[in-house]
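Engineer: One structure, pasted below without further comment.
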Amino acid sequence: MKYERFARTATHLFASILFFVSSASAITSKMPESAHASALQSADNPPIFIKFTPERVPAGQSFRVEVHVGTEQTPVDSLFGISFALRYNAPAILEPDTASFSSGTLLGKDVVFFKLAEEDLDTGTISIAVTRKAGSSGVSGFGTVFEGSLKTATNLSDSTVIQLSLERINGRDKDGAPIPLQLLDVPQIPVYPPQDFELSLAPDAQTVEIGRAIAYEISLTPKGGFNKNVPLTFEPSYPGIRATFNPDSVSPGQNSMLTLSTDSSVIPGSYPFHVIAQIDTLLQTVAGTLSVYSVPISPASTQNEYLTNSVFQIDVQIGATGRPVAKLRRVAFKLHYSQNQYVSAIVSDTLQPQTGDFLGASAAITTHHSQSEGSLSFELESSQGGGVSGIGTIVHIPFTSILETPNNSILSFSLDSIVAVDVDGDPIYLEEQDYSVNLAEKVSYTLQATKDTFDVSAGDTREYEVTLVGSQSYAGKARLTLLNAPPVSQWQFSPPEIGNNETAILTIQTDTTTANGIYSMTIRGVDGNLSAETMIALKVTPAPVFSIVVIPPEGSLFPGDTALYRIRIDQTDFLSEPVRLNLSGQTYPWLTFDLNPTVIDAFSEANLTFITTENAPFGTFAFQVIGKSGTSTRDAIIELTLEEPPPSVRPIPFTPNNDGFNDVVIFEFDELQLQPGEILIFDLHGRKVAELHDKMQWDGKDENGNVAQPGAYLYVVRVGDKILKKGVLALAR
């Protein structure tokens with residue numbers, strides 16, 4: 001029974017709605033457009049209008065749409081049903097939530113509500129029809145006839161605006177008569193994206209030299225009205241790289257500078273990083289890259305192989321492609337080279353290291369060369385006020401190698417003690433790089449004379465040593481000859497041919513008629529197509545004239561004494577060489593001599609000292625002093641006389657008789673002149689007769705002043721505990 005009643009009611013209501021909708025359509029279609037528009041726009045008619053909630057919609061959010069009919073001032077009268085089309089201008093960014101659609105509050109709850117939306121969504125149209133049920137009366141007043149939600153898309157910009165409108169508005173009373181309604185202006189709905197921001201880094205990749213810093217610009221672009229200050233962080237952390245922000249946060253319209261500073265510990269390479277901006281739930285990152293490079297400093301050359309016994313150049317270069325130096329002002333370093341027993345840098349008045357063009361024409365250079373260490377120290381300073389930047393050669397260094405250098409020797413170069421600064425005084429970190437070249441053997445030889453210049457007196461002879469020094473593979477022999485020898489002279493090589501590391505003696509014999517002068521000569525060695533020469537010189541001077549003077553010419557001494565003579569070179573002429581002295585004569589076991597010096601110049605002296613022993617015999621002995629200079633020889637005779645010394649106790653006997661002759665016995669000892677002593681006199685029975693202290697002589701009286709008896713007496717001479725002499729003396733009357 002309940003089911004049959006519900007079915008009859010539903011059929012009746014559905015027929016009423018169809019009648020209302022068809023009647024509304026028929027009336028609207030029969031009403032001229034101008035009359036319909038006029039009826040809607042009449043100021044006296046109740047209004048129909050749209051309200052939005054909220055007035056601004058975040059992207060991705062829903063907003064509420066309400067269609068109102070009537071107001072408190074202008075209510076609608078007897079409204080039974082209404083239909084209209086709700087249009088929106090952006091179907092691509094709006095999605096109607098049809099489940100939220102309802103008939104509003106004006107027509108009450110006992111209504112039939114049609115939402116014909118699905119087939120019209122592509123055109124942005126929602127068809128709505130609301131009617132009270134059959135048998136009901138119309139309503140008067142104001143209120144909503146439609147309520148529903150629409151959702152916005154998320155991919156919107158700030159400029160997106162939603163425009164809604166009402167079309168085909170049709171209001172009826174319960175008899176189907178139209179109710180004119182006034183359509184009010186529909187406001188626009190701005191749709192903005194959620195508050196967010198974008199982070200950018202400019203540039204996103206940079207390259208920096210070790211020890212220097214570089215800056216990136218960070219900017220923030222707001223979205224959805226974002227307007228906050230966002231803290232910045234840097235990730236990850238790298239050894240030797242320090243990141244600083246200024247300021248340490250960024251906001252719309254303001255930038256922050258990210259400075260990445262490197263120090264000498266950083267390893268050259270590429271360092272990816274992220275700048276992170278985070279506030280509340282919003283987080284954005286931007287990626288960047290820092291490429292760190294070191295400025296290389298390296299020896300270099302135009303060839304990788306050089307011949308031995310030749311001059312070649314090694315350069316020191318700074319910078320490389322993609323790794324230039326910047327604002328270099330000063331640089332100092334030490335260059336080491338191997339094989340320094342064969343190889344040497346050339347630092348002379350005619351050939352020496354020079355600054356490269358990179359530092360400027362008037363660049364300053366200071367060089368210190370140590371061949372024993374195999375190193376060169378340099379200090380270089382650019383002449384450019386702003387320093388120099390780029391890539392270039394800073395110094396050219398000449399080198400040479402000797403013939404003995406082994407074939408295919410590797411000559412290595414390295415750098416250390418590197419210090420470089422820019423124009424601001426800041427350090428520049430340079431990466432040293434090693435370098436090497438090959439030394440290939442040049443098969444040849446050289447001749448070397450041990451002394452290239454000699455002086456010789458006319459008629460004298462001189463000898464030169466000539467050595468052949470060949471390369472490692474040289475195995476021949478060179479025949480020697482002398483060119484431009486002095487006239488009226490003879491020369492000879494012994495042997496006439498020499499091989500590698502062999503020596504020959506060149507003897508040149510001048511004649512007494514050989515003219516004075518300096519003779520430049522050439523020693524030449526020839527072995528097939530190979531030849532070598534070396535220069536020597538011979539200065540020929542007249543035979544020297546001189547005399548030897550001995551001062552004093554003769555002398556005497558006692559055995560055990562020493563005699564000194566002075567030897568002087570006098571009356572010289574053409575004496576170009578020193579005089580060599582020696583002493584000639586018979587040798588004696590009791591005699592030694594010292595001649596110092598043995599080589600003296602004109603008008604200079606030597607000392608000749610004779611030293612005798614106490615057992616030397618008495619007599620006169622002759623010696624010859626011989627002096628030789630060049631081809632000239634001179635001599636002088638020295639006579640040395642040894643005399644018998646007087647006794648130390650005398651006279652014996654003595655006669656104390658006051659006749660003025662031999663009245664006292666005298667005791668003469670050198671030791672008694674230097675320090676106090678005593679003399680004791682005893683008779684033959686051992687009785688002390690006298691003791692002398694101050695006066696070292698005895699007058700023949702005893703300690704009591706009595707005259708002693710004639711006869712023999714014993715004496716003892718003593719200094720302290722030392723007895724100088726014991727003996728017997730005789731007293732006579």
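Residue numbers start at 1 in each chain; chains themselves are named A, B, ... in the order of the structure tokens; ligands are numbered from 1 in the order shown.
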Do a neighbour search on Val625 of chain A at 12 Å with only C-alpha atoms, toss out local chain neighbours closer than 6 positions, and write the hits as an MDAnalysis selection string.
Structural biologist: chainID A and resid 547:551 553 565:569 579:585 595 598 606:608 633:639
Engineer: If you count only C-alpha atoms, which residues fall within 10 Å of Gly225 of chain A, apart from same-chain ones fewer than 4 positions away, as an mmCIF file with all heavy atoms, in the first residue's frame?
Structural biologist:
```
data_model
loop_
_atom_site.group_PDB
_atom_site.id
_atom_site.type_symbol
_atom_site.label_atom_id
_atom_site.label_comp_id
_atom_site.auth_asym_id
_atom_site.auth_seq_id
_atom_site.Cartn_x
_atom_site.Cartn_y
_atom_site.Cartn_z
ATOM 1 N N ASP A 158 48.987 34.260 -11.424
ATOM 2 C CA ASP A 158 48.312 35.296 -10.653
ATOM 3 C C ASP A 158 47.259 36.058 -11.461
ATOM 4 O O ASP A 158 46.356 36.665 -10.906
ATOM 5 C CB ASP A 158 49.337 36.301 -10.119
ATOM 6 C CG ASP A 158 50.076 35.728 -8.923
ATOM 7 O OD1 ASP A 158 49.505 34.863 -8.253
ATOM 8 O OD2 ASP A 158 51.232 36.131 -8.699
ATOM 9 N N TYR A 192 44.364 32.796 -7.532
ATOM 10 C CA TYR A 192 45.811 32.925 -7.438
ATOM 11 C C TYR A 192 46.398 31.589 -6.980
ATOM 12 O O TYR A 192 45.765 30.822 -6.262
ATOM 13 C CB TYR A 192 46.209 34.017 -6.438
ATOM 14 C CG TYR A 192 45.712 33.797 -5.044
ATOM 15 C CD1 TYR A 192 46.499 33.131 -4.102
ATOM 16 C CD2 TYR A 192 44.439 34.244 -4.655
ATOM 17 C CE1 TYR A 192 46.040 32.921 -2.823
ATOM 18 C CE2 TYR A 192 43.977 34.032 -3.370
ATOM 19 C CZ TYR A 192 44.781 33.376 -2.452
ATOM 20 O OH TYR A 192 44.328 33.168 -1.179
ATOM 21 N N PRO A 193 47.634 31.312 -7.419
ATOM 22 C CA PRO A 193 48.266 30.058 -6.999
ATOM 23 C C PRO A 193 48.580 30.121 -5.518
ATOM 24 O O PRO A 193 48.650 31.195 -4.931
ATOM 25 C CB PRO A 193 49.545 29.986 -7.841
ATOM 26 C CG PRO A 193 49.824 31.389 -8.207
ATOM 27 C CD PRO A 193 48.491 32.065 -8.342
ATOM 28 N N PRO A 194 48.923 28.993 -4.887
ATOM 29 C CA PRO A 194 49.304 29.008 -3.471
ATOM 30 C C PRO A 194 50.592 29.815 -3.288
ATOM 31 O O PRO A 194 51.423 29.897 -4.185
ATOM 32 C CB PRO A 194 49.535 27.523 -3.139
ATOM 33 C CG PRO A 194 48.827 26.775 -4.205
ATOM 34 C CD PRO A 194 48.847 27.618 -5.423
ATOM 35 N N GLN A 195 50.771 30.418 -2.144
ATOM 36 C CA GLN A 195 51.986 31.180 -1.885
ATOM 37 C C GLN A 195 53.202 30.262 -1.988
ATOM 38 O O GLN A 195 53.279 29.224 -1.353
ATOM 39 C CB GLN A 195 51.927 31.833 -0.503
ATOM 40 C CG GLN A 195 51.044 33.057 -0.446
ATOM 41 C CD GLN A 195 51.338 33.906 0.789
ATOM 42 O OE1 GLN A 195 52.092 33.500 1.658
ATOM 43 N NE2 GLN A 195 50.749 35.080 0.838
ATOM 44 N N ASP A 196 54.126 30.687 -2.820
ATOM 45 C CA ASP A 196 55.345 29.909 -3.054
ATOM 46 C C ASP A 196 56.370 30.858 -3.660
ATOM 47 O O ASP A 196 56.109 32.055 -3.839
ATOM 48 C CB ASP A 196 55.063 28.725 -3.974
ATOM 49 C CG ASP A 196 56.096 27.618 -3.805
ATOM 50 O OD1 ASP A 196 57.137 27.858 -3.151
ATOM 51 O OD2 ASP A 196 55.891 26.514 -4.349
ATOM 52 N N PHE A 197 57.538 30.320 -4.015
ATOM 53 C CA PHE A 197 58.561 31.153 -4.640
ATOM 54 C C PHE A 197 59.472 30.268 -5.476
ATOM 55 O O PHE A 197 59.511 29.043 -5.316
ATOM 56 C CB PHE A 197 59.371 31.913 -3.593
ATOM 57 C CG PHE A 197 60.080 31.013 -2.610
ATOM 58 C CD1 PHE A 197 61.361 30.536 -2.862
ATOM 59 C CD2 PHE A 197 59.464 30.645 -1.421
ATOM 60 C CE1 PHE A 197 62.002 29.716 -1.955
ATOM 61 C CE2 PHE A 197 60.102 29.830 -0.507
ATOM 62 C CZ PHE A 197 61.384 29.352 -0.774
ATOM 63 N N PRO A 252 61.498 38.775 -1.866
ATOM 64 C CA PRO A 252 61.129 39.291 -3.179
ATOM 65 C C PRO A 252 61.657 40.716 -3.375
ATOM 66 O O PRO A 252 61.554 41.562 -2.496
ATOM 67 C CB PRO A 252 59.600 39.241 -3.166
ATOM 68 C CG PRO A 252 59.269 38.163 -2.192
ATOM 69 C CD PRO A 252 60.315 38.257 -1.141
#
```
Engineer: I'd like the neighbourhood of Ser237 of chain A as a PyMOL selection string, where a residue qualifies if any of its atoms comes within 12 Å (using only C-alpha atoms), though same-chain residues fewer than 6 positions away should be ignored.
Structural biologist: chain A and resi 243-244+260+266+271-275
Engineer: What does the distance between atom CA of Ile600 of chain A and atom CA of Pro542 of chain A come to in Å, to one decimal place?
Structural biologist: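 Between atom CA of Ile600 of chain A and atom CA of Pro542 of chain A the gap works out to 19.0 Å.
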Engineer: Leaving out segment 666-670 of chain A and any residue of its chain fewer than 2 positions from it, which residues lie within 10 Å of it when counting only C-alpha atoms, given as number ranges by chain?
Structural biologist: A: 646-652, 654, 662-664, 672-675, 679, 695-699, 717, 724-725
Engineer: Please save C-alpha atoms of the selected residues as a short mmCIF file (atom, residue, chain, number, x, y, z; two decimals), in the first residue's frame.
Structural biologist:
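Contents of selection_34.cif, freshly written:
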```
data_model
loop_
_atom_site.label_atom_id
_atom_site.label_comp_id
_atom_site.auth_asym_id
_atom_site.auth_seq_id
_atom_site.Cartn_x
_atom_site.Cartn_y
_atom_site.Cartn_z
CA PRO A 646 185.07 30.46 27.16
CA PRO A 647 184.74 28.27 30.33
CA SER A 648 181.84 29.00 32.67
CA VAL A 649 184.19 28.91 35.76
CA ARG A 650 187.42 30.84 35.26
CA PRO A 651 190.29 31.32 35.69
CA ILE A 652 191.64 28.07 37.03
CA PHE A 654 193.22 31.88 40.34
CA ASN A 662 193.25 36.70 38.37
CA ASP A 663 192.44 37.74 41.93
CA VAL A 664 188.94 36.11 41.83
CA LEU A 672 172.03 32.80 37.33
CA GLN A 673 171.10 35.84 35.26
CA LEU A 674 167.45 34.81 35.23
CA GLN A 675 166.83 33.73 38.82
CA ILE A 679 177.55 28.65 44.86
CA LYS A 695 178.17 38.02 44.07
CA MET A 696 178.88 35.13 41.73
CA GLN A 697 182.65 35.18 42.27
CA TRP A 698 185.05 33.94 45.03
CA ASP A 699 187.96 35.95 46.34
CA VAL A 717 176.53 25.75 41.34
CA LEU A 724 173.94 23.39 37.28
CA LYS A 725 177.53 22.21 37.62
#
```
Engineer: Between atom CA of Gly171 of chain A and atom CA of Ala99 of chain A, what is the spacing in Å?
Structural biologist: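 Distance reported for this atom pair: 24.2 Å.
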Engineer: How far is it from atom CA of Thr152 of chain A to atom CA of Ser251 of chain A, in Å with one decimal?
Structural biologist: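 Spanning atom CA of Thr152 of chain A to atom CA of Ser251 of chain A is a straight-line distance of 28.0 Å.
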Engineer: Could you name the residues that touch segment 470-480 of chain A at 8 Å or less, counting only C-alpha atoms, but leaving out those on the same chain fewer than 4 positions away, as an MDAnalysis selection string?
Structural biologist: chainID A and resid 403:407 441:446 493 496:501 523:527 531
Engineer: Any chance you can output those residues with C-alpha atoms as a PDB file, in the first residue's frame?
Structural biologist:
```pdb
ATOM      1  CA  LEU A 403     130.905  15.683 -24.176  1.00  0.00           C
ATOM      2  CA  GLU A 404     131.138  13.035 -21.485  1.00  0.00           C
ATOM      3  CA  THR A 405     127.369  13.122 -21.020  1.00  0.00           C
ATOM      4  CA  PRO A 406     126.095   9.546 -21.500  1.00  0.00           C
ATOM      5  CA  ASN A 407     123.906   8.954 -24.521  1.00  0.00           C
ATOM      6  CA  GLU A 441     125.217  11.901 -27.733  1.00  0.00           C
ATOM      7  CA  LYS A 442     127.112  14.038 -30.209  1.00  0.00           C
ATOM      8  CA  VAL A 443     130.156  11.977 -31.241  1.00  0.00           C
ATOM      9  CA  SER A 444     133.080  14.429 -31.004  1.00  0.00           C
ATOM     10  CA  TYR A 445     135.930  15.495 -28.757  1.00  0.00           C
ATOM     11  CA  THR A 446     137.629  18.556 -27.330  1.00  0.00           C
ATOM     12  CA  PHE A 493     154.098  16.230 -28.708  1.00  0.00           C
ATOM     13  CA  PRO A 496     151.886  12.560 -31.149  1.00  0.00           C
ATOM     14  CA  GLU A 497     148.412  10.913 -31.101  1.00  0.00           C
ATOM     15  CA  ILE A 498     146.007  10.582 -28.190  1.00  0.00           C
ATOM     16  CA  GLY A 499     142.621   8.966 -27.665  1.00  0.00           C
ATOM     17  CA  ASN A 500     139.707   9.564 -25.293  1.00  0.00           C
ATOM     18  CA  ASN A 501     140.892  10.822 -21.867  1.00  0.00           C
ATOM     19  CA  ILE A 523     146.910  23.059 -30.680  1.00  0.00           C
ATOM     20  CA  ARG A 524     144.930  21.115 -33.252  1.00  0.00           C
ATOM     21  CA  GLY A 525     143.843  17.490 -33.106  1.00  0.00           C
ATOM     22  CA  VAL A 526     142.573  15.780 -36.272  1.00  0.00           C
ATOM     23  CA  ASP A 527     140.893  12.397 -36.624  1.00  0.00           C
ATOM     24  CA  SER A 531     138.829  18.006 -35.403  1.00  0.00           C
TER      25      SER A 531
END
```
